[in-house]
Structures are given as structure tokens and as C-alpha cells.
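Engineer: You'll find coords-v3.txt just under this line, and it carries compact mmCIF, C-alpha atoms.
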```txt
# COMPACT_ATOMS: atom_id res chain seq x y z
CA ASP V 1 -51.59 7.49 1.22
CA LEU V 2 -53.02 10.79 2.37
CA PRO V 3 -50.00 13.08 2.97
CA ASP V 4 -49.46 14.74 6.33
CA THR V 5 -50.08 18.08 4.60
CA ASP V 6 -53.73 17.18 3.99
CA PRO V 7 -55.83 19.41 6.30
CA ARG V 8 -58.06 16.45 7.18
CA VAL V 9 -55.20 14.74 9.06
CA GLN V 10 -53.62 17.78 10.68
CA ARG V 11 -54.19 18.76 14.29
CA ARG V 12 -56.97 21.34 14.40
CA VAL V 13 -57.20 21.90 18.16
CA THR V 14 -54.94 23.75 20.58
CA GLY V 15 -53.94 23.27 24.19
CA TRP V 16 -55.77 20.45 25.96
CA ALA V 17 -58.82 20.48 23.69
CA PRO V 18 -59.98 16.94 22.74
CA GLU V 19 -59.44 15.47 19.28
CA GLN V 20 -59.84 12.06 17.61
CA ILE V 21 -63.19 11.63 19.40
CA ALA V 22 -64.79 8.21 19.00
CA VAL V 23 -67.75 6.24 20.32
CA ALA V 24 -67.75 2.46 20.82
CA LEU V 25 -70.42 0.08 22.07
CA SER V 26 -70.45 -1.77 25.33
CA ALA V 27 -71.73 -5.36 25.51
CA ALA V 28 -75.33 -4.16 25.97
CA PRO V 29 -77.19 -1.09 24.63
CA THR V 30 -77.48 0.48 28.07
CA SER V 31 -73.87 1.67 28.06
CA ALA V 32 -71.28 3.00 25.62
CA TRP V 33 -67.66 4.17 25.49
CA VAL V 34 -66.36 7.61 24.53
CA SER V 35 -62.66 7.99 23.72
CA TRP V 36 -60.48 10.96 22.74
CA ILE V 37 -56.94 12.32 22.82
CA THR V 38 -55.56 15.48 24.41
CA GLY V 39 -52.10 16.91 23.80
CA ASP V 40 -49.90 16.05 20.84
CA PHE V 41 -47.58 13.14 20.09
CA GLN V 42 -43.79 13.38 20.17
CA MET V 43 -41.30 11.86 17.72
CA GLY V 44 -37.52 11.62 18.01
CA GLY V 45 -34.59 9.80 19.52
CA ALA V 46 -35.48 10.77 23.09
CA VAL V 47 -39.16 11.27 23.90
CA LYS V 48 -40.72 12.02 27.29
CA PRO V 49 -44.27 10.69 27.79
CA LEU V 50 -46.96 13.13 28.90
CA ASP V 51 -48.44 12.66 32.37
CA PRO V 52 -51.95 11.12 31.97
CA GLY V 53 -52.98 12.83 35.20
CA THR V 54 -52.50 16.28 33.70
CA VAL V 55 -55.99 16.34 32.19
CA GLY V 56 -59.24 14.89 33.50
CA SER V 57 -61.39 12.33 31.65
CA VAL V 58 -64.97 13.60 31.81
CA VAL V 59 -68.03 13.14 29.61
CA ARG V 60 -71.12 15.30 30.13
CA TYR V 61 -74.23 13.99 28.36
CA GLY V 62 -77.98 14.22 28.13
CA LEU V 63 -81.02 14.06 25.86
CA ALA V 64 -80.65 17.60 24.53
CA ALA V 65 -77.64 19.55 23.31
CA ASP V 66 -78.33 22.34 25.81
CA SER V 67 -78.98 20.01 28.75
CA LEU V 68 -75.92 17.86 29.44
CA ALA V 69 -76.88 17.24 33.05
CA ARG V 70 -75.28 13.83 33.57
CA GLU V 71 -71.57 13.19 33.98
CA ALA V 72 -69.24 10.18 33.76
CA THR V 73 -65.52 9.90 34.43
CA GLY V 74 -62.94 7.44 33.19
CA GLU V 75 -59.25 6.72 32.80
CA ALA V 76 -56.34 8.10 30.79
CA LEU V 77 -53.10 6.60 29.50
CA VAL V 78 -50.24 7.14 27.09
CA TYR V 79 -48.27 4.60 25.09
CA SER V 80 -44.86 4.64 23.45
CA GLN V 81 -43.41 2.90 20.41
CA LEU V 82 -39.67 2.53 21.04
CA TYR V 83 -36.87 1.29 18.78
CA PRO V 84 -33.40 0.84 20.37
CA PHE V 85 -31.57 1.15 17.06
CA GLU V 86 -29.81 4.09 15.48
CA GLY V 87 -31.84 5.83 12.81
CA LEU V 88 -35.29 4.70 13.97
CA GLN V 89 -37.66 7.29 15.43
CA ASN V 90 -39.26 6.73 18.82
CA TYR V 91 -42.82 7.87 19.45
CA THR V 92 -45.01 8.68 22.44
CA SER V 93 -48.69 9.44 22.16
CA GLY V 94 -50.90 12.21 23.40
CA ILE V 95 -53.05 11.44 26.43
CA ILE V 96 -55.69 8.86 25.49
CA HIS V 97 -58.97 8.96 27.43
CA HIS V 98 -61.64 6.25 27.75
CA VAL V 99 -64.93 6.85 29.59
CA ARG V 100 -67.76 4.35 29.92
CA ILE V 101 -71.25 5.84 30.13
CA LEU V 102 -73.80 3.76 32.05
CA GLY V 103 -77.58 3.81 32.46
CA LEU V 104 -78.46 4.66 28.86
CA GLU V 105 -81.78 3.91 27.19
CA PRO V 106 -81.67 1.66 24.10
CA GLY V 107 -82.45 3.23 20.73
CA THR V 108 -81.99 6.75 22.06
CA LYS V 109 -80.03 9.75 20.78
CA TYR V 110 -77.64 11.23 23.35
CA TYR V 111 -75.71 14.48 23.15
CA TYR V 112 -72.32 14.75 24.82
CA GLN V 113 -69.16 16.77 25.41
CA CYS V 114 -65.83 15.29 26.48
CA GLY V 115 -62.69 16.70 28.04
CA ASP V 116 -61.80 18.40 31.33
CA PRO V 117 -64.26 21.09 32.47
CA ALA V 118 -61.76 22.28 35.09
CA ILE V 119 -59.35 23.54 32.39
CA PRO V 120 -60.36 26.48 30.17
CA GLY V 121 -60.73 25.42 26.55
CA ALA V 122 -60.39 21.72 27.37
CA MET V 123 -63.93 20.59 26.52
CA SER V 124 -65.03 19.49 23.06
CA ALA V 125 -67.92 20.76 21.01
CA VAL V 126 -71.24 18.98 21.51
CA HIS V 127 -71.56 15.71 19.58
CA ALA V 128 -74.33 13.12 19.43
CA PHE V 129 -74.73 9.36 18.95
CA ARG V 130 -77.58 6.86 19.11
CA THR V 131 -77.52 3.76 21.28
CA MET V 132 -78.30 0.38 19.75
CA PRO V 133 -81.91 -0.85 19.84
CA ASP V 134 -83.00 -3.02 22.74
CA VAL V 135 -81.83 -6.63 22.63
CA GLY V 136 -84.55 -8.83 21.18
CA PRO V 137 -85.61 -10.88 18.14
CA ARG V 138 -87.64 -8.06 16.53
CA SER V 139 -85.17 -5.25 17.13
CA TYR V 140 -82.31 -4.47 14.75
CA PRO V 141 -80.02 -1.60 13.74
CA GLY V 142 -81.24 -0.06 10.49
CA ARG V 143 -77.85 -0.24 8.75
CA ILE V 144 -74.46 -1.69 9.66
CA ALA V 145 -71.38 -0.71 7.68
CA VAL V 146 -68.65 -3.34 7.30
CA VAL V 147 -65.19 -2.19 6.17
CA GLY V 148 -61.96 -4.13 5.85
CA ASP V 149 -58.35 -2.94 5.65
CA LEU V 150 -59.51 0.66 5.52
CA GLY V 151 -56.07 2.29 5.62
CA LEU V 152 -55.60 6.03 5.10
CA THR V 153 -55.40 6.55 1.36
CA TYR V 154 -57.36 8.42 -1.27
CA ASN V 155 -59.31 5.18 -1.73
CA THR V 156 -60.11 5.42 1.98
CA THR V 157 -61.73 8.81 1.46
CA SER V 158 -64.12 7.54 -1.22
CA THR V 159 -65.00 4.50 0.92
CA VAL V 160 -65.66 6.60 4.03
CA GLU V 161 -67.65 9.18 2.10
CA HIS V 162 -69.82 6.45 0.62
CA MET V 163 -70.23 4.82 4.03
CA ALA V 164 -71.12 8.08 5.78
CA SER V 165 -73.62 9.06 3.08
CA ASN V 166 -75.58 5.89 3.89
CA GLN V 167 -75.84 6.92 7.57
CA PRO V 168 -75.04 3.59 9.26
CA ASP V 169 -76.06 2.96 12.86
CA LEU V 170 -72.89 0.95 13.52
CA VAL V 171 -69.51 0.50 11.85
CA TYR V 172 -67.57 -2.77 12.04
CA ALA V 173 -63.94 -2.13 11.04
CA ASN V 174 -61.53 -4.93 10.25
CA LEU V 175 -58.34 -2.98 10.70
CA TYR V 176 -55.34 -1.91 8.69
CA LEU V 177 -54.43 1.64 9.57
CA THR V 178 -50.69 2.26 9.61
CA ASN V 179 -47.67 1.84 7.38
CA GLY V 180 -44.89 -0.49 8.45
CA THR V 181 -45.84 -3.94 9.72
CA GLY V 182 -46.73 -6.14 6.80
CA THR V 183 -45.07 -4.03 4.15
CA ASP V 184 -44.66 -5.89 0.87
CA CYS V 185 -40.89 -5.36 0.79
CA TYR V 186 -39.10 -4.85 4.10
CA SER V 187 -35.68 -4.68 2.46
CA CYS V 188 -36.92 -1.90 0.17
CA SER V 189 -38.56 0.09 2.96
CA PHE V 190 -36.31 -0.30 6.01
CA ALA V 191 -32.66 -0.40 6.92
CA LYS V 192 -31.35 -3.97 6.66
CA SER V 193 -29.35 -3.56 9.87
CA THR V 194 -32.40 -3.27 12.16
CA PRO V 195 -34.05 -6.49 13.38
CA ILE V 196 -37.21 -4.53 14.35
CA HIS V 197 -38.90 -2.69 11.50
CA GLU V 198 -40.17 0.81 12.16
CA THR V 199 -43.84 1.75 11.93
CA TYR V 200 -44.82 5.37 11.44
CA GLN V 201 -47.02 5.93 14.48
CA PRO V 202 -48.28 9.45 13.62
CA ARG V 203 -50.50 7.81 11.00
CA TRP V 204 -52.65 6.56 13.88
CA ASP V 205 -53.22 10.20 14.83
CA TYR V 206 -53.85 11.15 11.22
CA TRP V 207 -56.45 8.38 10.96
CA GLY V 208 -58.15 9.41 14.20
CA ARG V 209 -58.41 13.00 12.99
CA TYR V 210 -59.67 12.05 9.56
CA MET V 211 -62.28 9.65 10.96
CA GLU V 212 -63.58 11.88 13.78
CA PRO V 213 -66.63 13.18 11.86
CA VAL V 214 -67.76 9.54 11.59
CA THR V 215 -66.50 8.02 14.83
CA SER V 216 -67.76 10.85 17.07
CA SER V 217 -71.35 10.16 16.01
CA THR V 218 -71.45 6.50 14.88
CA PRO V 219 -70.22 3.70 17.16
CA MET V 220 -67.31 1.80 15.60
CA MET V 221 -66.18 -1.67 16.70
CA VAL V 222 -62.76 -2.90 15.62
CA VAL V 223 -60.75 -6.11 15.46
CA GLU V 224 -56.98 -6.34 15.06
CA GLY V 225 -55.08 -7.39 11.94
CA ASN V 226 -51.51 -8.15 11.02
CA HIS V 227 -50.66 -4.50 10.40
CA GLU V 228 -51.42 -3.67 14.04
CA ILE V 229 -48.77 -6.08 15.39
CA GLU V 230 -46.08 -3.35 15.28
CA GLN V 231 -43.26 -5.05 17.17
CA GLN V 232 -41.06 -2.79 19.28
CA ILE V 233 -38.49 -2.96 22.09
CA GLY V 234 -38.88 -5.95 24.37
CA ASN V 235 -40.88 -7.79 21.70
CA LYS V 236 -43.94 -5.77 22.70
CA THR V 237 -46.74 -5.79 20.13
CA PHE V 238 -50.15 -4.18 19.52
CA ALA V 239 -49.34 -1.19 21.76
CA ALA V 240 -51.18 1.38 19.63
CA TYR V 241 -54.19 -0.82 18.94
CA SER V 242 -54.62 -1.79 22.60
CA ALA V 243 -54.27 1.78 23.87
CA ARG V 244 -56.27 3.79 21.33
CA PHE V 245 -59.55 1.92 21.22
CA ALA V 246 -62.14 1.11 23.87
CA PHE V 247 -63.42 -2.46 23.90
CA PRO V 248 -66.25 -4.16 25.84
CA SER V 249 -63.70 -6.66 27.12
CA MET V 250 -64.67 -6.45 30.78
CA GLU V 251 -68.39 -6.42 29.99
CA SER V 252 -68.14 -9.53 27.80
CA GLU V 253 -65.74 -11.15 30.29
CA SER V 254 -62.93 -11.71 27.79
CA PHE V 255 -60.71 -9.14 29.52
CA SER V 256 -58.80 -8.83 26.24
CA PRO V 257 -58.73 -6.16 23.52
CA PHE V 258 -58.27 -8.88 20.90
CA TYR V 259 -61.54 -10.80 21.31
CA TYR V 260 -64.87 -9.79 22.81
CA SER V 261 -68.61 -9.81 22.10
CA PHE V 262 -71.58 -7.45 22.15
CA ASP V 263 -75.27 -7.34 21.28
CA ALA V 264 -76.94 -5.04 18.76
CA GLY V 265 -80.67 -5.68 18.76
CA GLY V 266 -81.24 -9.28 17.68
CA ILE V 267 -77.60 -9.83 16.70
CA HIS V 268 -74.87 -11.24 18.91
CA PHE V 269 -71.49 -10.16 17.52
CA ILE V 270 -68.29 -12.05 18.32
CA MET V 271 -64.90 -10.53 17.51
CA LEU V 272 -62.05 -13.05 17.36
CA ALA V 273 -58.28 -12.65 17.22
CA ALA V 274 -56.34 -14.16 14.34
CA TYR V 275 -53.05 -12.90 15.82
CA ALA V 276 -53.41 -14.08 19.43
CA ASP V 277 -53.44 -17.63 20.79
CA TYR V 278 -56.45 -19.43 19.32
CA SER V 279 -55.47 -22.99 20.29
CA LYS V 280 -58.01 -25.18 22.05
CA SER V 281 -56.00 -24.96 25.26
CA GLY V 282 -55.78 -21.16 25.15
CA GLU V 283 -57.77 -18.43 26.88
CA GLN V 284 -59.45 -17.19 23.69
CA TYR V 285 -60.90 -20.62 22.89
CA ARG V 286 -62.12 -21.14 26.45
CA TRP V 287 -63.75 -17.71 26.43
CA LEU V 288 -65.40 -18.44 23.06
CA GLU V 289 -66.88 -21.68 24.41
CA LYS V 290 -68.41 -19.80 27.37
CA ASP V 291 -69.66 -16.91 25.24
CA LEU V 292 -71.34 -19.19 22.70
CA ALA V 293 -72.95 -21.24 25.46
CA LYS V 294 -74.61 -18.08 26.83
CA VAL V 295 -76.21 -17.07 23.51
CA ASP V 296 -80.00 -17.44 23.53
CA ARG V 297 -81.12 -17.66 19.90
CA SER V 298 -84.71 -16.81 20.90
CA VAL V 299 -83.38 -13.42 22.04
CA THR V 300 -80.57 -12.86 19.51
CA PRO V 301 -81.48 -15.03 16.50
CA TRP V 302 -78.44 -13.88 14.51
CA LEU V 303 -74.94 -14.97 15.45
CA VAL V 304 -72.24 -13.03 13.55
CA ALA V 305 -68.45 -13.21 13.91
CA GLY V 306 -65.49 -11.30 12.55
CA TRP V 307 -61.73 -11.69 12.45
CA HIS V 308 -59.00 -10.47 10.15
CA ALA V 309 -57.57 -13.29 8.03
CA PRO V 310 -60.08 -15.43 6.08
CA TRP V 311 -60.09 -19.19 6.51
CA TYR V 312 -61.21 -19.72 2.93
CA SER V 313 -59.66 -17.78 0.06
CA THR V 314 -58.21 -18.57 -3.35
CA TYR V 315 -56.07 -15.43 -3.21
CA LYS V 316 -52.53 -16.70 -3.78
CA ALA V 317 -50.68 -14.34 -1.41
CA HIS V 318 -52.76 -15.35 1.64
CA TYR V 319 -53.79 -18.87 0.69
CA ARG V 320 -54.38 -21.01 3.82
CA GLU V 321 -52.64 -18.38 5.94
CA ALA V 322 -55.17 -18.82 8.75
CA GLU V 323 -55.47 -22.59 8.41
CA CYS V 324 -54.35 -23.27 11.99
CA MET V 325 -57.03 -20.97 13.38
CA ARG V 326 -59.62 -22.70 11.18
CA VAL V 327 -58.60 -26.13 12.41
CA ALA V 328 -58.81 -24.99 16.04
CA MET V 329 -62.11 -23.08 15.96
CA GLU V 330 -64.25 -24.02 12.98
CA GLU V 331 -65.92 -27.08 14.50
CA LEU V 332 -66.93 -25.11 17.60
CA LEU V 333 -68.48 -22.31 15.52
CA TYR V 334 -70.29 -24.83 13.30
CA SER V 335 -71.74 -26.53 16.36
CA TYR V 336 -73.45 -23.30 17.44
CA GLY V 337 -74.80 -22.51 13.96
CA LEU V 338 -72.84 -19.35 13.28
CA ASP V 339 -74.69 -17.39 10.57
CA ILE V 340 -72.19 -14.98 9.02
CA VAL V 341 -68.42 -14.35 9.13
CA PHE V 342 -66.81 -11.09 8.03
CA THR V 343 -63.06 -11.01 7.36
CA GLY V 344 -60.58 -8.72 5.62
CA HIS V 345 -56.86 -9.14 4.86
CA VAL V 346 -57.35 -10.04 1.18
CA CYS V 347 -57.15 -6.43 0.15
CA SER V 348 -58.45 -6.94 -3.38
CA ALA V 349 -61.87 -7.72 -1.95
CA LEU V 350 -63.69 -8.17 1.34
CA SER V 351 -64.30 -11.83 2.10
CA LEU V 352 -67.78 -12.92 3.10
CA LYS V 353 -68.79 -16.45 4.02
CA SER V 354 -72.39 -16.89 5.11
CA GLU V 355 -74.58 -19.65 6.54
CA LEU V 356 -71.84 -21.78 8.06
```
Could I get this file's structure written as C-alpha cells?

Structural biologist:
Amino acid sequence: DLPDTDPRVQRRVTGWAPEQIAVALSAAPTSAWVSWITGDFQMGGAVKPLDPGTVGSVVRYGLAADSLAREATGEALVYSQLYPFEGLQNYTSGIIHHVRILGLEPGTKYYYQCGDPAIPGAMSAVHAFRTMPDVGPRSYPGRIAVVGDLGLTYNTTSTVEHMASNQPDLVYANLYLTNGTGTDCYSCSFAKSTPIHETYQPRWDYWGRYMEPVTSSTPMMVVEGNHEIEQQIGNKTFAAYSARFAFPSMESESFSPFYYSFDAGGIHFIMLAAYADYSKSGEQYRWLEKDLAKVDRSVTPWLVAGWHAPWYSTYKAHYREAECMRVAMEELLYSYGLDIVFTGHVCSALSLKSEL
């Protein structure tokens, strides 16, 4: 793991200046999400959440770095990771901002700043990103990077450097970011007296800081994995994952951070949840049926899906781990001629199964 003394994971801003800036796609190329964090996290036995209303959520953008004439506003929130047991450290995040930008032109480079222009020193530097090409059968992103179980290790740095050097138009990230949930040996890592096992939440902030040079300029779409479960008080799970990322959930009518869809040129992407209800009577399955039925293969000839745990793997540690999800969903995906599936989880290699 990268240590917290590494300058790439340390907080480099002061006051209410934005950090951990990231861009995500909406369901169509005419809109996008910009996310960032202001203020610092708190760790300890007693933590007091910051007030999300303290700082505004504003993005100024335009077609030139010196002409950010358009403005969009959004929402802010904080989340906490709480452990009601002696010896475990509670956590509350900085203020997390999500702003959706509308009315964009496909295949166009936009420059932007984010923050609160009403507070001195609370706006970011100018960044830029490019929207996806227009939806259609002859229109595709030049390069798409696919990463699984990225983590925050020295191996991560070589992977990210290689990825960035190839200048992808889009990053699909099958997650594993933090230490804790899914550790190989709970009894070695955590006190045996605590029924909830602690996760070290600052590593989310470290990851956001390390990844900002990539995520502030290249849209990144994520899907949850087992390491993001992170159970806490009241059996609450996925608090960090759900709060930190922006998802086109409303736009794709899933209304869930765990499964959603979006278009990138002639590709319709479907993100599915291996750690939420996937039964045929559940909301995810019903949404998937509706989403697949709306796909027009004359407009988006490629149908691509991703989820965390592979259905087919000979890797002993995870063999048939997602068998119940396969039984529930495979026939439906076959019936619509799904082209490619990307999964992670088997950390010795990224699983790829094509031409279902």
C-alpha cells in the first residue's frame, strides 16, 4: 500500500479549496457529472460532521479556459462510518459535491472550474474533459481503459501511469479501493471482540487525491465490489461508495448507485451489482429487463456489461462465488445478445468473457 506519508495522497489544498476532483458520464453525451470534496475528514471516537451547506456546489464551464461563461449548481453531502465498539475509530468525510452539467455538445472539449465563487480561495484551477462522441453506429470513443481491483498500492501507480500514458477517453473501474472489508485474515487484522470489522476510511481520500490528475480530465465510471461493502453501525453498508461517486442512476432510471447504464458512441454500457439483490423478483432484474428492451442495436450495435465477481472462473478462492447471480441473470443477457462482459475480483488477473 502507498503510505500516508506519500505526497501523492496527502492533502495539498487549504481552506475550502476543492480536491479529489472527478468527472463521470451521464446516460447520454449531452451531460456529465463533476464531483469534488471540500474540507477535511475527521477521525476519532467522537466526530462531528461538517455542514454541507457551508460551501456552495458550483461548476463554471465553457469552450475556452479563459471563457467559463456557463454555470451549473448541484448538491452537497457528508457521510460517516461509525463503529459503536471500544477501540474502533469513527470517521466523517469532508463535504462531497456533485454537479450535473447539461446541454453539452458530444465529442467536445470543455474547460471547467468547480467550488464556491462566493468564498475567497474556494474555486479550483481550470481543468478540462471531453464529452463522449454522439450516439450512433459509426461513432466510438478512441480508447477505453478497463481496470479491476485497482487498490492503492505501488502496483496501482504503475497501472495508472500506463493507463494515463495511453490517453483513454473513458475509464471503467471495477472497484477495490480500501483496506478492511474482505481482508484475507480478519482474526489477524482486527480485534476478535468486535462483530463489525473496521475499515480505514481515509484511504478513500488518499485514493481520490492520487487519482485526481486522471479523474479530473477523463470520465471514470465505477461499479461496486465486495471491498466497498464496509458494514457499520445499524448494518449500514456501501456508505462511502454511494456518497463519493456520481452515477447516471436517475438518467438511466435505475435510481440506484449499484446498477445503471449509459451510452458512449455506438456502445451501450450496463453496470450490474453483484452485491445487491439480483433475484428475478428484485428491482435490479426488473430494471435490467426494461433497459435491455430499450436498446436499439441499429443505434448502439455493441452491448457491454460489467460487474465485480465473475460468473466463470477456475480460480480456487472465488470458484462459483457468483453462481446465484449467474443463474438469475445469464439467460436474460443471452437473450439480448450481450457482446462483452468485464469483471474483476480475481485479483491475479482481470476476467474477460466475450461473445456471450

Engineer: Pick from V:Gln81, V:Gln113, V:Thr343, V:Ser256: nearest to Thr237 of chain V, with only C-alpha atoms counted?

Structural biologist: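 Using only C-alpha atoms, Thr237 of chain V sits closest to V:Gln81.
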
Engineer: From the options V:Leu152, V:Gly265, V:Pro257, V:Thr14, which residue's atoms come nearest to Gly107 of chain V, counting all atoms listed in the file?

Structural biologist: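 Nearest candidate to Gly107 of chain V out of V:Leu152, V:Gly265, V:Pro257, V:Thr14: V:Gly265.
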
Engineer: Pick out the residues sitting within 7 Å of Val58 of chain V, and hand them over as a list in words; count all atoms listed in the file, and ignore anything fewer than 5 positions along from it in its own chain.

Structural biologist: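 Close residues of Val58 of chain V: Glu71, Ala72, Thr73, Gly74, Cys114, Gly115 and Asp116 of chain V.
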
Engineer: Go ahead and write the residues just picked, C-alpha atoms, as a PDB file, in the frame of the given file.

Structural biologist:
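Done, and the output landed in part_28.pdb:
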```
ATOM      1  CA  GLU V  71     -71.570  13.190  33.980  1.00  0.00           C
ATOM      2  CA  ALA V  72     -69.240  10.180  33.760  1.00  0.00           C
ATOM      3  CA  THR V  73     -65.520   9.900  34.430  1.00  0.00           C
ATOM      4  CA  GLY V  74     -62.940   7.440  33.190  1.00  0.00           C
ATOM      5  CA  CYS V 114     -65.830  15.290  26.480  1.00  0.00           C
ATOM      6  CA  GLY V 115     -62.690  16.700  28.040  1.00  0.00           C
ATOM      7  CA  ASP V 116     -61.800  18.400  31.330  1.00  0.00           C
TER       8      ASP V 116
END
```

Engineer: Out of V:Val223, V:Ile233, V:Met211, V:Leu77, which residue has the shortest atom-to-atom distance to Ala273 of chain V when counting only C-alpha atoms?

Structural biologist: V:Val223

Engineer: In Å to one decimal, how far is atom CA of Leu303 of chain V from atom CA of Phe269 of chain V?

Structural biologist: 6.3 Å

Engineer: Which polymer residues have any atom within 8 Å of an atom of Ala240 of chain V, counting all atoms listed in the file, with same-chain residues fewer than 4 positions away left out, as a list in words?

Structural biologist: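 Close residues of Ala240 of chain V: Tyr79, Gln81, Trp204, Glu228 and Arg244 of chain V.
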
Engineer: Quick one: everything within 7 Å of segment 165-171 of chain V, counting all atoms listed in the file, minus sequence neighbours fewer than 6 positions away in the same chain. Send it as a list in words.

Structural biologist: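 Final neighbour list, sorted by chain and number: Pro141, Gly142, Arg143, Ile144, Ala145, Val146, Thr218, Pro219, Met220 and Met221 of chain V.
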
Engineer: Counting only C-alpha atoms, which residue out of V:Leu272, V:Val13, V:Ile21, V:Leu82 sits closest to Trp36 of chain V?

Structural biologist: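 Of V:Leu272, V:Val13, V:Ile21, V:Leu82, the one nearest Trp36 of chain V, counting only C-alpha atoms, is V:Ile21.
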
Engineer: Skipping near chain neighbours, those fewer than 3 positions away, what residues fall within 7 Å of Ser279 of chain V using all atoms listed in the file, listed as a compact mmCIF listing (two decimals) with C-alpha atoms, keeping the file's coordinate frame?

Structural biologist:
```
# COMPACT_ATOMS: atom_id res chain seq x y z
CA GLY V 282 -55.78 -21.16 25.15
CA TYR V 285 -60.90 -20.62 22.89
CA ALA V 328 -58.81 -24.99 16.04
```

Engineer: Rounded to one decimal place, report the atom CA of Leu63 of chain V-atom CA of Glu161 of chain V distance in Å.

Structural biologist: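 Between atom CA of Leu63 of chain V and atom CA of Glu161 of chain V the gap is 27.7 Å.
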
Engineer: When you count all atoms listed in the file, which of these residues is closest to Ser93 of chain V: V:Leu150, V:Ala76, V:Ala309, V:Ala128?

Structural biologist: V:Ala76

Engineer: Which one is closest to Ala27 of chain V: V:Arg100, V:His127, V:His345, V:Lys290? Count all atoms listed in the file.

Structural biologist: V:Arg100

Engineer: Please, what distance in Å, to one decimal, runs between atom CA of Gly337 of chain V and atom CA of Tyr312 of chain V?

Structural biologist: 17.7 Å

Engineer: Mind rebuilding segment 266-273 of chain V with all heavy atoms and writing that out as a PDB file, in the frame of the given file?

Structural biologist:
```pdb
ATOM      1  N   GLY V 266     -81.151  -7.826  17.720  1.00  0.00           N
ATOM      2  CA  GLY V 266     -81.240  -9.280  17.680  1.00  0.00           C
ATOM      3  C   GLY V 266     -80.003  -9.965  17.153  1.00  0.00           C
ATOM      4  O   GLY V 266     -80.064 -11.120  16.720  1.00  0.00           O
ATOM      5  N   ILE V 267     -78.864  -9.273  17.193  1.00  0.00           N
ATOM      6  CA  ILE V 267     -77.600  -9.830  16.700  1.00  0.00           C
ATOM      7  C   ILE V 267     -76.600  -9.933  17.844  1.00  0.00           C
ATOM      8  O   ILE V 267     -76.382  -8.960  18.576  1.00  0.00           O
ATOM      9  CB  ILE V 267     -76.988  -8.941  15.597  1.00  0.00           C
ATOM     10  CG1 ILE V 267     -78.012  -8.619  14.511  1.00  0.00           C
ATOM     11  CG2 ILE V 267     -75.759  -9.617  14.993  1.00  0.00           C
ATOM     12  CD1 ILE V 267     -77.554  -7.536  13.546  1.00  0.00           C
ATOM     13  N   HIS V 268     -76.000 -11.093  17.987  1.00  0.00           N
ATOM     14  CA  HIS V 268     -74.870 -11.240  18.910  1.00  0.00           C
ATOM     15  C   HIS V 268     -73.598 -11.281  18.070  1.00  0.00           C
ATOM     16  O   HIS V 268     -73.406 -12.171  17.231  1.00  0.00           O
ATOM     17  CB  HIS V 268     -74.986 -12.520  19.729  1.00  0.00           C
ATOM     18  CG  HIS V 268     -73.904 -12.675  20.763  1.00  0.00           C
ATOM     19  ND1 HIS V 268     -73.844 -11.878  21.885  1.00  0.00           N
ATOM     20  CD2 HIS V 268     -72.825 -13.514  20.825  1.00  0.00           C
ATOM     21  CE1 HIS V 268     -72.781 -12.227  22.616  1.00  0.00           C
ATOM     22  NE2 HIS V 268     -72.154 -13.205  21.981  1.00  0.00           N
ATOM     23  N   PHE V 269     -72.749 -10.276  18.242  1.00  0.00           N
ATOM     24  CA  PHE V 269     -71.490 -10.160  17.520  1.00  0.00           C
ATOM     25  C   PHE V 269     -70.354 -10.750  18.349  1.00  0.00           C
ATOM     26  O   PHE V 269     -70.247 -10.474  19.547  1.00  0.00           O
ATOM     27  CB  PHE V 269     -71.157  -8.700  17.219  1.00  0.00           C
ATOM     28  CG  PHE V 269     -71.925  -8.104  16.083  1.00  0.00           C
ATOM     29  CD1 PHE V 269     -73.100  -7.394  16.319  1.00  0.00           C
ATOM     30  CD2 PHE V 269     -71.481  -8.226  14.772  1.00  0.00           C
ATOM     31  CE1 PHE V 269     -73.804  -6.832  15.276  1.00  0.00           C
ATOM     32  CE2 PHE V 269     -72.176  -7.660  13.726  1.00  0.00           C
ATOM     33  CZ  PHE V 269     -73.353  -6.959  13.967  1.00  0.00           C
ATOM     34  N   ILE V 270     -69.495 -11.514  17.688  1.00  0.00           N
ATOM     35  CA  ILE V 270     -68.290 -12.050  18.320  1.00  0.00           C
ATOM     36  C   ILE V 270     -67.083 -11.608  17.509  1.00  0.00           C
ATOM     37  O   ILE V 270     -67.012 -11.869  16.307  1.00  0.00           O
ATOM     38  CB  ILE V 270     -68.330 -13.585  18.407  1.00  0.00           C
ATOM     39  CG1 ILE V 270     -69.505 -14.043  19.261  1.00  0.00           C
ATOM     40  CG2 ILE V 270     -67.021 -14.127  18.978  1.00  0.00           C
ATOM     41  CD1 ILE V 270     -69.681 -15.556  19.296  1.00  0.00           C
ATOM     42  N   MET V 271     -66.153 -10.927  18.144  1.00  0.00           N
ATOM     43  CA  MET V 271     -64.900 -10.530  17.510  1.00  0.00           C
ATOM     44  C   MET V 271     -63.801 -11.479  17.975  1.00  0.00           C
ATOM     45  O   MET V 271     -63.590 -11.657  19.186  1.00  0.00           O
ATOM     46  CB  MET V 271     -64.533  -9.097  17.894  1.00  0.00           C
ATOM     47  CG  MET V 271     -65.605  -8.073  17.566  1.00  0.00           C
ATOM     48  SD  MET V 271     -65.881  -7.900  15.803  1.00  0.00           S
ATOM     49  CE  MET V 271     -66.189  -6.145  15.681  1.00  0.00           C
ATOM     50  N   LEU V 272     -63.094 -12.086  17.028  1.00  0.00           N
ATOM     51  CA  LEU V 272     -62.050 -13.050  17.360  1.00  0.00           C
ATOM     52  C   LEU V 272     -60.693 -12.570  16.870  1.00  0.00           C
ATOM     53  O   LEU V 272     -60.596 -11.771  15.944  1.00  0.00           O
ATOM     54  CB  LEU V 272     -62.380 -14.411  16.741  1.00  0.00           C
ATOM     55  CG  LEU V 272     -63.640 -15.089  17.269  1.00  0.00           C
ATOM     56  CD1 LEU V 272     -63.910 -16.379  16.515  1.00  0.00           C
ATOM     57  CD2 LEU V 272     -63.538 -15.356  18.770  1.00  0.00           C
ATOM     58  N   ALA V 273     -59.648 -13.091  17.494  1.00  0.00           N
ATOM     59  CA  ALA V 273     -58.280 -12.650  17.220  1.00  0.00           C
ATOM     60  C   ALA V 273     -57.543 -13.684  16.392  1.00  0.00           C
ATOM     61  O   ALA V 273     -57.331 -14.817  16.842  1.00  0.00           O
ATOM     62  CB  ALA V 273     -57.530 -12.388  18.522  1.00  0.00           C
TER      63      ALA V 273
END
```
